[in-house]
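Reproduced below: my_file14.cif, with mmCIF, C-alpha atoms.
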data_my_file
loop_
_atom_site.label_atom_id
_atom_site.label_comp_id
_atom_site.auth_asym_id
_atom_site.auth_seq_id
_atom_site.Cartn_x
_atom_site.Cartn_y
_atom_site.Cartn_z
CA MET A 1 -150.80 -46.82 -60.65
CA SER A 2 -147.98 -45.13 -58.84
CA THR A 3 -145.47 -47.09 -56.79
CA PRO A 4 -145.20 -46.15 -53.11
CA THR A 5 -142.12 -44.19 -52.27
CA THR A 6 -140.02 -45.08 -49.26
CA PRO A 7 -139.24 -42.31 -46.81
CA PRO A 8 -135.74 -40.95 -47.23
CA THR A 9 -133.16 -42.26 -44.82
CA PRO A 10 -131.80 -39.49 -42.62
CA ALA A 11 -128.25 -38.66 -43.57
CA THR A 12 -125.60 -39.64 -41.08
CA PRO A 13 -123.37 -36.66 -40.38
CA ALA A 14 -119.86 -37.35 -41.51
CA THR A 15 -117.21 -37.24 -38.87
CA SER A 16 -114.79 -34.45 -39.63
CA SER A 17 -111.07 -34.95 -39.54
CA ALA A 18 -110.86 -32.66 -36.52
CA GLN A 19 -113.38 -34.81 -34.63
CA LYS A 20 -111.47 -37.95 -35.56
CA SER A 21 -108.26 -36.45 -34.23
CA VAL A 22 -109.99 -35.48 -30.98
CA LEU A 23 -111.38 -39.00 -30.59
CA ALA A 24 -107.98 -40.49 -31.33
CA THR A 25 -106.38 -38.23 -28.75
CA ALA A 26 -109.01 -39.03 -26.15
CA THR A 27 -108.48 -42.77 -26.56
CA PRO A 28 -105.46 -43.85 -24.49
CA PRO A 29 -102.95 -45.79 -26.57
CA LEU A 30 -102.22 -49.39 -25.72
CA LEU A 31 -98.95 -50.56 -24.23
CA LEU A 32 -98.10 -52.47 -27.43
CA GLY A 33 -100.25 -50.52 -29.84
CA SER A 34 -97.69 -50.00 -32.61
CA ALA A 35 -96.08 -52.57 -34.85
CA SER A 36 -92.59 -51.48 -33.83
CA ARG A 37 -93.36 -52.19 -30.17
CA ARG A 38 -94.69 -55.63 -31.02
CA VAL A 39 -91.54 -56.38 -33.03
CA THR A 40 -89.41 -55.14 -30.15
CA LEU A 41 -91.34 -57.36 -27.74
CA LEU A 42 -90.86 -60.37 -30.02
CA ILE A 43 -87.12 -59.74 -30.27
CA GLY A 44 -86.93 -59.34 -26.49
CA ILE A 45 -88.72 -62.65 -25.95
CA LEU A 46 -86.35 -64.42 -28.33
CA VAL A 47 -83.34 -62.92 -26.54
CA LEU A 48 -84.70 -64.04 -23.16
CA ILE A 49 -85.29 -67.57 -24.45
CA ALA A 50 -81.77 -67.75 -25.86
CA PHE A 51 -80.28 -66.39 -22.61
CA PHE A 52 -82.35 -68.80 -20.51
CA ALA A 53 -81.17 -71.79 -22.54
CA THR A 54 -77.47 -70.94 -22.77
CA ALA A 55 -76.51 -68.78 -19.76
CA SER A 56 -74.35 -70.16 -16.99
CA GLU A 57 -75.30 -70.02 -13.33
CA GLY A 58 -73.03 -67.02 -12.82
CA TRP A 59 -74.79 -64.97 -15.49
CA LEU A 60 -78.19 -66.11 -14.28
CA ARG A 61 -77.27 -64.94 -10.80
CA ILE A 62 -76.37 -61.48 -12.09
CA VAL A 63 -79.61 -61.14 -14.06
CA ASN A 64 -81.76 -62.50 -11.23
CA TYR A 65 -80.35 -60.01 -8.72
CA THR A 66 -80.85 -57.22 -11.26
CA MET A 67 -84.50 -58.12 -11.84
CA ILE A 68 -85.15 -58.21 -8.09
CA ALA A 69 -83.54 -54.77 -7.80
CA ALA A 70 -85.75 -53.56 -10.66
CA ILE A 71 -88.88 -54.40 -8.64
CA ALA A 72 -87.54 -52.36 -5.71
CA ALA A 73 -86.63 -49.50 -8.09
CA LEU A 74 -90.23 -49.56 -9.35
CA ALA A 75 -91.39 -49.27 -5.75
CA LEU A 76 -89.21 -46.22 -5.13
CA ASN A 77 -90.21 -44.63 -8.43
CA VAL A 78 -93.89 -44.85 -7.47
CA LEU A 79 -93.27 -42.76 -4.37
CA SER A 80 -90.39 -40.49 -5.36
CA GLY A 81 -90.70 -40.35 -9.13
CA TYR A 82 -94.43 -40.29 -9.79
CA THR A 83 -95.64 -38.74 -6.53
CA GLY A 84 -92.65 -36.56 -5.71
CA GLN A 85 -92.15 -37.65 -2.10
CA VAL A 86 -88.59 -37.92 -0.83
CA SER A 87 -87.78 -41.38 0.46
CA LEU A 88 -84.55 -42.95 1.67
CA GLY A 89 -86.28 -45.72 3.60
CA ILE A 90 -86.82 -48.35 0.93
CA ALA A 91 -84.24 -50.64 2.58
CA PHE A 92 -86.41 -50.67 5.72
CA PHE A 93 -89.51 -51.86 3.86
CA MET A 94 -87.49 -54.44 1.94
CA ALA A 95 -86.27 -55.80 5.28
CA ILE A 96 -89.85 -55.95 6.59
CA GLY A 97 -90.84 -58.06 3.61
CA ALA A 98 -87.77 -60.28 3.95
CA TYR A 99 -88.29 -61.06 7.64
CA THR A 100 -92.01 -61.60 7.10
CA ALA A 101 -91.08 -64.27 4.57
CA ALA A 102 -88.55 -65.72 7.00
CA VAL A 103 -91.06 -65.98 9.85
CA LEU A 104 -93.88 -67.41 7.76
CA GLY A 105 -91.84 -69.66 5.49
CA GLY A 106 -88.82 -70.52 7.63
CA ASP A 107 -88.27 -73.93 9.16
CA LEU A 108 -89.70 -74.68 12.57
CA PRO A 109 -87.08 -74.04 15.29
CA THR A 110 -85.42 -77.14 16.75
CA SER A 111 -83.86 -75.31 19.70
CA SER A 112 -84.37 -72.12 21.67
CA ARG A 113 -81.53 -70.42 19.78
CA ASP A 114 -82.98 -70.99 16.31
CA PRO A 115 -84.94 -68.16 14.68
CA PHE A 116 -88.68 -68.56 14.61
CA GLY A 117 -90.41 -70.04 11.57
CA LEU A 118 -93.81 -71.48 10.68
CA GLY A 119 -92.92 -73.47 7.57
CA LEU A 120 -95.83 -72.14 5.50
CA SER A 121 -96.15 -72.36 1.74
CA PHE A 122 -94.49 -70.03 -0.74
CA LEU A 123 -97.96 -69.03 -1.94
CA ILE A 124 -98.57 -67.61 1.53
CA TRP A 125 -95.33 -65.97 2.58
CA LEU A 126 -94.59 -64.16 -0.70
CA PRO A 127 -97.83 -62.13 -0.91
CA ALA A 128 -97.84 -61.77 2.88
CA SER A 129 -94.42 -60.10 2.74
CA GLY A 130 -95.85 -57.37 0.53
CA ILE A 131 -99.03 -57.04 2.57
CA VAL A 132 -97.19 -56.71 5.90
CA ALA A 133 -94.82 -54.11 4.42
CA ALA A 134 -97.84 -52.21 3.08
CA LEU A 135 -99.50 -52.31 6.52
CA VAL A 136 -96.34 -50.95 8.12
CA GLY A 137 -96.31 -48.22 5.49
CA ALA A 138 -99.96 -47.45 6.27
CA LEU A 139 -99.06 -47.05 9.96
CA ILE A 140 -96.06 -44.82 9.31
CA GLY A 141 -97.55 -42.85 6.43
CA PRO A 142 -100.05 -40.62 8.31
CA THR A 143 -97.24 -39.22 10.44
CA ALA A 144 -94.46 -39.12 7.86
CA LEU A 145 -96.53 -37.60 5.06
CA ARG A 146 -97.42 -34.57 7.14
CA LEU A 147 -93.90 -33.40 6.36
CA LYS A 148 -92.58 -32.23 3.02
CA GLY A 149 -89.33 -32.13 1.10
CA PHE A 150 -86.13 -32.79 2.99
CA TYR A 151 -88.00 -33.16 6.29
CA LEU A 152 -89.79 -36.19 4.87
CA GLY A 153 -86.44 -37.48 3.66
CA ILE A 154 -85.00 -37.20 7.16
CA VAL A 155 -87.94 -39.17 8.59
CA SER A 156 -87.48 -41.92 6.01
CA LEU A 157 -83.75 -41.90 6.77
CA ALA A 158 -84.55 -42.37 10.46
CA LEU A 159 -86.57 -45.48 9.56
CA VAL A 160 -83.42 -47.13 8.22
CA PHE A 161 -81.46 -46.53 11.45
CA ILE A 162 -84.37 -47.50 13.70
CA GLY A 163 -84.92 -50.63 11.66
CA HIS A 164 -81.23 -51.48 11.78
CA TYR A 165 -81.27 -51.33 15.59
CA LEU A 166 -84.44 -53.44 15.79
CA PHE A 167 -83.17 -56.05 13.33
CA LEU A 168 -79.90 -56.45 15.23
CA ASN A 169 -81.68 -57.08 18.52
CA ALA A 170 -84.75 -59.05 17.41
CA SER A 171 -82.86 -62.35 17.42
CA PRO A 172 -85.97 -64.63 17.40
CA ILE A 173 -86.99 -63.05 14.06
CA THR A 174 -83.79 -61.88 12.37
CA GLY A 175 -81.23 -64.19 13.95
CA GLY A 176 -79.39 -61.27 15.52
CA PRO A 177 -76.09 -59.90 14.22
CA GLN A 178 -75.14 -63.27 12.73
CA GLY A 179 -78.24 -63.30 10.50
CA ARG A 180 -80.50 -66.18 9.52
CA THR A 181 -81.45 -68.38 6.61
CA PHE A 182 -84.45 -67.63 4.42
CA PRO A 183 -86.86 -70.07 2.78
CA ALA A 184 -86.68 -71.00 -0.87
CA PRO A 185 -89.91 -71.10 -2.91
CA ALA A 186 -91.32 -74.61 -2.97
CA PHE A 187 -94.42 -76.42 -4.21
CA GLY A 188 -94.57 -79.72 -2.39
CA ASP A 189 -91.39 -81.62 -3.33
CA PHE A 190 -90.53 -79.06 -6.03
CA SER A 191 -88.03 -76.65 -4.46
CA PHE A 192 -86.34 -73.81 -6.31
CA ALA A 193 -83.17 -74.47 -4.32
CA ASN A 194 -82.65 -77.83 -6.06
CA GLN A 195 -82.35 -78.93 -9.66
CA ASN A 196 -85.64 -80.34 -10.91
CA ASN A 197 -86.81 -82.24 -13.96
CA VAL A 198 -89.80 -80.76 -15.75
CA LEU A 199 -91.98 -83.32 -17.57
CA SER A 200 -89.07 -85.75 -17.18
CA VAL A 201 -87.43 -84.02 -20.13
CA PHE A 202 -85.96 -80.64 -19.10
CA ALA A 203 -83.58 -80.35 -16.16
CA LEU A 204 -83.87 -76.87 -14.69
CA THR A 205 -81.11 -75.53 -12.47
CA PRO A 206 -81.94 -73.35 -9.43
CA GLY A 207 -80.82 -70.26 -11.35
CA GLN A 208 -83.15 -71.04 -14.26
CA GLN A 209 -86.09 -71.66 -11.94
CA TYR A 210 -85.54 -68.37 -10.10
CA PHE A 211 -85.11 -66.64 -13.46
CA LEU A 212 -88.59 -67.70 -14.61
CA LEU A 213 -90.19 -66.78 -11.27
CA ILE A 214 -88.51 -63.36 -10.90
CA LEU A 215 -89.10 -62.48 -14.56
CA LEU A 216 -92.81 -63.22 -14.17
CA LEU A 217 -93.08 -61.12 -11.00
CA LEU A 218 -91.11 -58.26 -12.57
CA ALA A 219 -93.36 -58.26 -15.65
CA LEU A 220 -96.51 -58.25 -13.49
CA SER A 221 -95.14 -55.46 -11.27
CA ALA A 222 -94.10 -53.30 -14.23
CA LEU A 223 -97.43 -53.79 -16.00
CA PHE A 224 -99.33 -53.03 -12.80
CA VAL A 225 -97.40 -49.82 -12.11
CA TYR A 226 -97.72 -48.74 -15.74
CA ASN A 227 -101.50 -49.21 -15.73
CA VAL A 228 -101.92 -47.55 -12.34
CA MET A 229 -100.07 -44.47 -13.57
CA ARG A 230 -102.42 -44.25 -16.56
CA SER A 231 -105.46 -44.44 -14.29
CA ARG A 232 -107.22 -41.72 -12.33
CA SER A 233 -105.18 -42.52 -9.23
CA GLY A 234 -101.92 -42.33 -11.15
CA ARG A 235 -102.86 -38.95 -12.60
CA ALA A 236 -103.56 -37.79 -9.07
CA PHE A 237 -100.09 -38.97 -7.98
CA GLN A 238 -98.46 -36.95 -10.76
CA ALA A 239 -100.61 -33.89 -10.08
CA VAL A 240 -99.50 -33.94 -6.43
CA ARG A 241 -95.89 -34.16 -7.57
CA ASP A 242 -96.18 -31.24 -10.00
CA ASN A 243 -98.11 -28.81 -7.81
CA GLU A 244 -99.87 -29.66 -4.56
CA VAL A 245 -101.84 -26.40 -4.49
CA GLY A 246 -103.07 -26.91 -8.04
CA ALA A 247 -103.96 -30.54 -7.30
CA ALA A 248 -105.98 -29.49 -4.25
CA ILE A 249 -107.83 -26.87 -6.31
CA MET A 250 -108.76 -29.57 -8.83
CA GLY A 251 -110.34 -31.56 -6.01
CA ILE A 252 -107.61 -34.13 -5.40
CA ASN A 253 -107.33 -35.33 -1.83
CA LEU A 254 -103.63 -34.82 -1.18
CA PHE A 255 -103.49 -37.12 1.83
CA GLU A 256 -105.23 -39.99 0.04
CA ALA A 257 -102.98 -39.65 -3.00
CA LYS A 258 -99.80 -39.64 -0.91
CA MET A 259 -100.99 -42.53 1.24
CA GLY A 260 -101.92 -44.57 -1.82
CA ALA A 261 -98.47 -44.08 -3.31
CA PHE A 262 -96.79 -44.81 0.03
CA ILE A 263 -98.70 -48.06 0.51
CA LEU A 264 -98.16 -49.23 -3.08
CA SER A 265 -94.46 -48.45 -2.83
CA SER A 266 -94.19 -50.33 0.48
CA PHE A 267 -95.98 -53.36 -0.98
CA LEU A 268 -93.62 -53.66 -3.95
CA ALA A 269 -90.59 -53.08 -1.70
CA GLY A 270 -91.74 -55.90 0.58
CA ILE A 271 -92.11 -58.30 -2.36
CA SER A 272 -88.65 -57.34 -3.60
CA GLY A 273 -87.10 -57.82 -0.16
CA ALA A 274 -88.65 -61.27 0.20
CA LEU A 275 -87.37 -62.33 -3.22
CA LEU A 276 -83.90 -60.97 -2.50
CA ALA A 277 -83.65 -62.76 0.83
CA SER A 278 -85.05 -65.99 -0.59
CA TYR A 279 -82.63 -65.97 -3.50
CA SER A 280 -79.63 -65.11 -1.27
CA ARG A 281 -80.77 -67.71 1.31
CA TYR A 282 -78.75 -66.01 4.07
CA ILE A 283 -78.61 -62.30 5.00
CA ILE A 284 -77.39 -60.41 8.06
CA PRO A 285 -79.21 -57.30 9.38
CA ASN A 286 -76.33 -55.03 8.37
CA TYR A 287 -77.28 -55.59 4.75
CA TRP A 288 -80.40 -53.40 5.08
CA ASP A 289 -78.49 -50.16 5.55
CA LEU A 290 -78.49 -46.66 4.09
CA THR A 291 -76.12 -47.68 1.29
CA LEU A 292 -78.78 -49.96 -0.15
CA SER A 293 -81.35 -47.15 -0.16
CA ILE A 294 -78.92 -44.77 -1.86
CA GLN A 295 -78.24 -47.35 -4.56
CA PHE A 296 -81.94 -47.43 -5.43
CA VAL A 297 -82.10 -43.64 -5.48
CA ALA A 298 -79.18 -43.71 -7.93
CA ALA A 299 -80.99 -46.36 -9.99
CA ILE A 300 -84.10 -44.27 -10.61
CA ILE A 301 -82.03 -41.14 -11.33
CA VAL A 302 -79.71 -42.89 -13.78
CA GLY A 303 -82.47 -44.90 -15.42
CA GLY A 304 -85.12 -42.20 -15.59
CA ILE A 305 -87.40 -40.72 -12.97
CA ALA A 306 -91.15 -41.35 -13.21
CA ASN A 307 -90.79 -44.08 -15.80
CA VAL A 308 -91.33 -47.82 -15.67
CA TRP A 309 -88.61 -48.68 -18.14
CA GLY A 310 -86.31 -46.21 -16.42
CA SER A 311 -86.56 -48.21 -13.21
CA ILE A 312 -85.58 -51.42 -15.01
CA LEU A 313 -82.73 -49.87 -16.98
CA GLY A 314 -81.48 -47.98 -13.92
CA ALA A 315 -81.39 -51.17 -11.88
CA ALA A 316 -79.42 -52.83 -14.68
CA PHE A 317 -76.93 -49.95 -14.72
CA VAL A 318 -76.46 -49.66 -10.94
CA PHE A 319 -76.67 -53.30 -9.89
CA ALA A 320 -75.65 -55.35 -12.94
CA ILE A 321 -72.63 -53.42 -14.23
CA PRO A 322 -70.60 -53.75 -10.97
CA ARG A 323 -71.29 -57.49 -10.94
CA VAL A 324 -70.26 -57.81 -14.57
CA ILE A 325 -67.07 -55.85 -13.88
CA ASP A 326 -66.35 -58.17 -10.94
CA GLN A 327 -67.00 -61.15 -13.22
CA PHE A 328 -64.40 -59.90 -15.71
CA PRO A 329 -61.81 -57.93 -13.70
CA LEU A 330 -59.45 -55.78 -15.71
CA LEU A 331 -56.59 -56.35 -13.29
CA SER A 332 -55.73 -59.30 -11.10
CA PRO A 333 -56.12 -58.74 -7.34
CA SER A 334 -53.06 -57.03 -5.92
CA SER A 335 -51.66 -57.98 -2.52
CA SER A 336 -49.31 -55.00 -2.26
CA SER A 337 -50.22 -51.88 -0.36
CA THR A 338 -49.27 -49.65 -3.29
CA GLY A 339 -50.86 -49.55 -6.70
CA ILE A 340 -54.42 -50.07 -7.85
CA SER A 341 -55.99 -53.46 -7.43
CA GLY A 342 -58.49 -54.91 -9.85
CA GLY A 343 -61.40 -54.22 -7.49
CA ASP A 344 -60.34 -50.59 -7.02
CA LEU A 345 -60.07 -50.04 -10.76
CA ASN A 346 -63.50 -51.54 -11.31
CA ALA A 347 -64.97 -49.18 -8.72
CA LEU A 348 -63.23 -46.18 -10.32
CA ILE A 349 -64.55 -47.05 -13.79
CA TYR A 350 -68.06 -47.55 -12.43
CA GLY A 351 -68.04 -44.21 -10.61
CA PHE A 352 -66.61 -42.43 -13.65
CA LEU A 353 -69.38 -43.82 -15.87
CA ILE A 354 -72.05 -42.55 -13.48
CA ILE A 355 -70.55 -39.03 -13.33
CA VAL A 356 -70.18 -38.79 -17.12
CA PHE A 357 -73.67 -40.11 -17.68
CA LEU A 358 -75.30 -37.65 -15.31
CA LEU A 359 -73.34 -34.72 -16.74
CA PHE A 360 -74.13 -35.37 -20.38
CA GLU A 361 -77.54 -37.08 -20.13
CA PRO A 362 -79.28 -35.87 -16.94
CA SER A 363 -82.59 -37.34 -18.11
CA GLY A 364 -81.17 -40.80 -17.59
CA VAL A 365 -81.04 -43.80 -19.87
CA ILE A 366 -84.60 -43.09 -20.98
CA GLY A 367 -83.58 -39.62 -22.09
CA LEU A 368 -80.85 -41.16 -24.22
CA VAL A 369 -83.38 -43.58 -25.73
CA HIS A 370 -85.72 -40.70 -26.59
CA ARG A 371 -82.85 -38.77 -28.14
CA ILE A 372 -81.96 -41.71 -30.38
CA GLN A 373 -85.62 -42.25 -31.31
CA GLY A 374 -86.06 -38.58 -32.14
CA LEU A 375 -82.95 -38.52 -34.34
CA SER A 376 -84.12 -41.69 -36.11
CA ARG A 377 -87.54 -40.19 -36.88
CA HIS A 378 -85.90 -36.98 -38.05
CA ASN A 379 -83.57 -38.85 -40.42
CA LYS A 380 -86.47 -40.86 -41.86
CA HIS A 381 -88.38 -37.65 -42.51
CA ASN A 382 -85.41 -36.12 -44.31
CA LYS A 383 -84.99 -39.21 -46.52
CA LYS A 384 -88.64 -38.98 -47.62
CA GLY A 385 -88.07 -35.38 -48.71
CA GLY A 386 -90.27 -32.34 -48.22
CA THR A 387 -89.87 -29.39 -45.98
CA THR A 388 -88.49 -30.05 -42.58
CA ALA A 389 -90.95 -29.42 -39.81
CA GLU A 390 -90.10 -28.23 -36.37
CA THR A 391 -87.64 -30.29 -34.41
CA PRO A 392 -89.58 -33.19 -32.88
CA SER A 393 -89.90 -33.24 -29.14
CA LEU A 394 -87.73 -35.89 -27.58
CA SER A 395 -90.08 -36.45 -24.65
CA THR A 396 -93.65 -37.64 -24.84
CA SER A 397 -96.30 -38.11 -22.22
CA ASP A 398 -96.35 -41.28 -20.18
CA ALA A 399 -99.74 -42.18 -21.65
CA ASP A 400 -98.19 -42.35 -25.13
CA THR A 401 -95.25 -44.62 -24.39
CA PRO A 402 -93.75 -46.50 -21.46
CA LEU A 403 -90.32 -45.18 -22.41
CA ASP A 404 -90.78 -41.70 -21.02
CA ILE A 405 -89.35 -39.32 -18.50
CA GLU A 406 -91.56 -36.30 -18.57
CA TYR A 407 -90.60 -34.56 -15.38
CA SER A 408 -87.46 -34.64 -13.32
CA THR A 409 -88.35 -34.68 -9.68
CA LEU A 410 -84.99 -33.17 -8.84
CA ASN A 411 -86.39 -29.87 -10.09
CA THR A 412 -89.25 -29.86 -7.62
CA ASP A 413 -88.95 -29.02 -3.96
CA GLU A 414 -91.10 -32.03 -3.06
CA SER A 415 -89.15 -34.91 -4.51
CA VAL A 416 -85.87 -36.68 -5.06
#
Exercise: express the given structure as structure tokens:
Amino acid sequence: MSTPTTPPTPATPATSSAQKSVLATATPPLLLGSASRRVTLLIGILVLIAFFATASEGWLRIVNYTMIAAIAALALNVLSGYTGQVSLGIAFFMAIGAYTAAVLGGDLPTSSRDPFGLGLSFLIWLPASGIVAALVGALIGPTALRLKGFYLGIVSLALVFIGHYLFLNASPITGGPQGRTFPAPAFGDFSFANQNNVLSVFALTPGQQYFLLILLLLALSALFVYNVMRSRSGRAFQAVRDNEVGAAIMGINLFEAKMGAFILSSFLAGISGALLASYSRYIIPNYWDLTLSIQFVAAIIVGGIANVWGSILGAAFVFAIPRVIDQFPLLSPSSSSTGISGGDLNALIYGFLIIVFLLFEPSGVIGLVHRIQGLSRHNKHNKKGGTTAETPSLSTSDADTPLDIEYSTLNTDESV
């Protein structure tokens, strides 16, 4: 008696190494996919905890202002870096966000001369400041984005001067030339402007409370921009920046891509302006001038154009270093009319550093990071032995790593 035979199981085709490599390439890498990035993140968290626990109010103030500036630099990088649209009007959208926060969250006026305020919650005026700035951007965008290159830059420059005139004369909203106070974030009796006890154990100073809030918002903004740029919309932004004709041939709606970047940039600028005004507590309209916009342009150029980390590092270079130099002046202030005072020397050193940096590392801080990483990988390969391959590329695509500056928008006629 013969035993029944089972039908043979169909053989599963083995996946070739070439197919595996294609699948690996098609799968977008995660933000913290490698072990080295996770270790770096852990070290960064430990450094932040140590700084939070030991830093004085002066150092906390420097870092808090720098993180707020980093959010605004992210906003400008979305429009100018990733999409290639010239913009010098970021100060205008920051002011829109700041005065939206002032109107919604400011104290109710007690006399006819006091600026208007509704006294609403922080949970209302902070997101509303970004939404109102985005709506203003949506109104201006259809007209401004019909222009290209330097013509668009001139329109955005005009926004700063028009806004400056409006802010000086809109006394019920801005307080006029003398300025106005801005609300501090508060949850019931818990106000960020006062020292508070957490769980009746930890006493948090105002600087520490703002540090936690701004750090959280900066992390969310950076992660959001990073993920958007890895999405279909972000690829469309970058295609418009690289070649508008080619992007249109591929089926990308140029107007929708530019408008999306303009609105997203305006939203982040409004959030940054509200945080800056709230942390400063008092600002005059003259603060929102062209100089502020130029500082953010310098931040994304020095840090790295079209890169999330470049925005953060550029803000640290442009906004933190001058404050640190002021904190530790090399010379005492001079009252004589001749000679160099401590403040003048600090300004000279700061300007010299910028010139040297742009001459020898035009890709920004991120370019320097890539250069160091490339040399490190090359040295490790040489230590392991074997034939030396081609020199590794020092720049990778933005999908591979957040530390990237793939294109310099200064080389395109559409961007700055």
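Atom to atom, atom CA of A:Ile372 and atom CA of A:Ile305 stand 18.3 Å apart.
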Excluding A:Trp309 and residues on its chain fewer than 6 positions from it, collect all residues at most 12 Å away from it, counting only C-alpha atoms, and give them as a PyMOL selection string. chain A and resi 70-71+73-74+77+218-219+221-223+225-226+299-300+302-303+315-316+364-367+369-370+398+401-405
Name all residues at most 10 Å from A:Phe161 (count all atoms listed in the file; drop same-chain ones fewer than 2 positions away) and give them as a PyMOL selection string. chain A and resi 89+92+156-159+163-167+288-290
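Shortest atom-to-atom contact with A:Ile90 among A:Ala69, A:Ala203, A:Ala277, A:Ile45: A:Ala69, counting only C-alpha atoms.
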What would the list of residues within 12 Å of (-103.6, -37.0, -2.2) (file frame) look like as number ranges by chain, if only C-alpha atoms are what count? A: 83-85, 142, 145-146, 232-241, 243-262
I'd like to see the residues matched by the PyMOL selection byres ((chain A and resi 129) around 10) on this file, and ideally I'd get them as number ranges by chain. A: 93-104, 124-128, 130-134, 267-275
Quick one: pull the distance between atom CA of A:Gly106 and atom CA of A:Pro185, Å, one decimal. 10.6 Å
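Distances to A:Tyr82 were evaluated for A:Ser265, A:Ser363, A:Arg377, A:Gly149 using only C-alpha atoms, and the minimum falls at A:Ser265.
Here atom CA of A:Gly207 stands at a distance of 9.0 Å from atom CA of A:Gln195.
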Name the residues in contact with stretch 168-181 of chain A at a cut-off of 6 Å, using all atoms listed in the file, excluding same-chain residues fewer than 5 positions from it; report them as an mmCIF file with C-alpha atoms, in the coordinates of the input.
data_model
loop_
_atom_site.group_PDB
_atom_site.id
_atom_site.type_symbol
_atom_site.label_atom_id
_atom_site.label_comp_id
_atom_site.auth_asym_id
_atom_site.auth_seq_id
_atom_site.Cartn_x
_atom_site.Cartn_y
_atom_site.Cartn_z
ATOM 1 C CA PRO A 115 -84.940 -68.160 14.680
ATOM 2 C CA PHE A 116 -88.680 -68.560 14.610
ATOM 3 C CA ARG A 281 -80.770 -67.710 1.310
ATOM 4 C CA TYR A 282 -78.750 -66.010 4.070
ATOM 5 C CA ILE A 283 -78.610 -62.300 5.000
ATOM 6 C CA ILE A 284 -77.390 -60.410 8.060
ATOM 7 C CA PRO A 285 -79.210 -57.300 9.380
#
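Ranking A:Tyr65, A:Ala35, A:Gly44, A:Ser191 by their shortest atom-to-atom distance to A:Ala320, with all atoms listed in the file included, puts A:Tyr65 first.
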Using only C-alpha atoms, find the one residue out of A:Ala306, A:Leu204, A:Leu264, A:Val39 that sits nearest to A:Ala53. A:Leu204
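Distance annotation: of A:Val47, A:Val155, A:Thr66, A:Thr40, the residue with the minimal separation from A:Gly314 is A:Thr66; atom set is only C-alpha atoms.
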Taking the file as shown, find all residues satisfying the PyMOL selection byres ((chain A and resi 107) around 7) and write them as an mmCIF file with C-alpha atoms, in the frame of the given file.
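Below you can see result08.cif, which holds the result:
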data_model
loop_
_atom_site.group_PDB
_atom_site.id
_atom_site.type_symbol
_atom_site.label_atom_id
_atom_site.label_comp_id
_atom_site.auth_asym_id
_atom_site.auth_seq_id
_atom_site.Cartn_x
_atom_site.Cartn_y
_atom_site.Cartn_z
ATOM 1 C CA GLY A 105 -91.840 -69.660 5.490
ATOM 2 C CA GLY A 106 -88.820 -70.520 7.630
ATOM 3 C CA LEU A 108 -89.700 -74.680 12.570
ATOM 4 C CA PRO A 109 -87.080 -74.040 15.290
ATOM 5 C CA GLY A 117 -90.410 -70.040 11.570
ATOM 6 C CA LEU A 118 -93.810 -71.480 10.680
ATOM 7 C CA GLY A 119 -92.920 -73.470 7.570
#
Of A:Ser56, A:Ser34, A:Ala72, A:Leu375, the one nearest to A:Leu217 when counting only C-alpha atoms is A:Ala72
Completion step: stretch 115-124 of chain A with N, CA and C atoms as a PDB file, in the coordinates of the input:
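Done, and the output landed in part.pdb:
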ATOM      1  N   PRO A 115     -83.911 -69.162  14.994  1.00  0.00           N
ATOM      2  CA  PRO A 115     -84.940 -68.160  14.680  1.00  0.00           C
ATOM      3  C   PRO A 115     -86.288 -68.817  14.457  1.00  0.00           C
ATOM      4  N   PHE A 116     -87.312 -68.045  14.689  1.00  0.00           N
ATOM      5  CA  PHE A 116     -88.680 -68.560  14.610  1.00  0.00           C
ATOM      6  C   PHE A 116     -89.095 -68.737  13.161  1.00  0.00           C
ATOM      7  N   GLY A 117     -89.875 -69.775  12.895  1.00  0.00           N
ATOM      8  CA  GLY A 117     -90.410 -70.040  11.570  1.00  0.00           C
ATOM      9  C   GLY A 117     -91.651 -70.896  11.656  1.00  0.00           C
ATOM     10  N   LEU A 118     -92.557 -70.731  10.693  1.00  0.00           N
ATOM     11  CA  LEU A 118     -93.810 -71.480  10.680  1.00  0.00           C
ATOM     12  C   LEU A 118     -93.853 -72.542   9.589  1.00  0.00           C
ATOM     13  N   GLY A 119     -92.957 -72.464   8.616  1.00  0.00           N
ATOM     14  CA  GLY A 119     -92.920 -73.470   7.570  1.00  0.00           C
ATOM     15  C   GLY A 119     -94.100 -73.428   6.621  1.00  0.00           C
ATOM     16  N   LEU A 120     -94.670 -72.251   6.380  1.00  0.00           N
ATOM     17  CA  LEU A 120     -95.830 -72.140   5.500  1.00  0.00           C
ATOM     18  C   LEU A 120     -95.407 -72.138   4.034  1.00  0.00           C
ATOM     19  N   SER A 121     -96.398 -72.247   3.168  1.00  0.00           N
ATOM     20  CA  SER A 121     -96.150 -72.360   1.740  1.00  0.00           C
ATOM     21  C   SER A 121     -95.652 -71.049   1.144  1.00  0.00           C
ATOM     22  N   PHE A 122     -94.954 -71.187   0.025  1.00  0.00           N
ATOM     23  CA  PHE A 122     -94.490 -70.030  -0.740  1.00  0.00           C
ATOM     24  C   PHE A 122     -95.663 -69.157  -1.200  1.00  0.00           C
ATOM     25  N   LEU A 123     -96.784 -69.777  -1.500  1.00  0.00           N
ATOM     26  CA  LEU A 123     -97.960 -69.030  -1.940  1.00  0.00           C
ATOM     27  C   LEU A 123     -98.545 -68.176  -0.820  1.00  0.00           C
ATOM     28  N   ILE A 124     -98.103 -68.407   0.399  1.00  0.00           N
ATOM     29  CA  ILE A 124     -98.570 -67.610   1.530  1.00  0.00           C
ATOM     30  C   ILE A 124     -97.550 -66.546   1.898  1.00  0.00           C
TER      31      ILE A 124
END
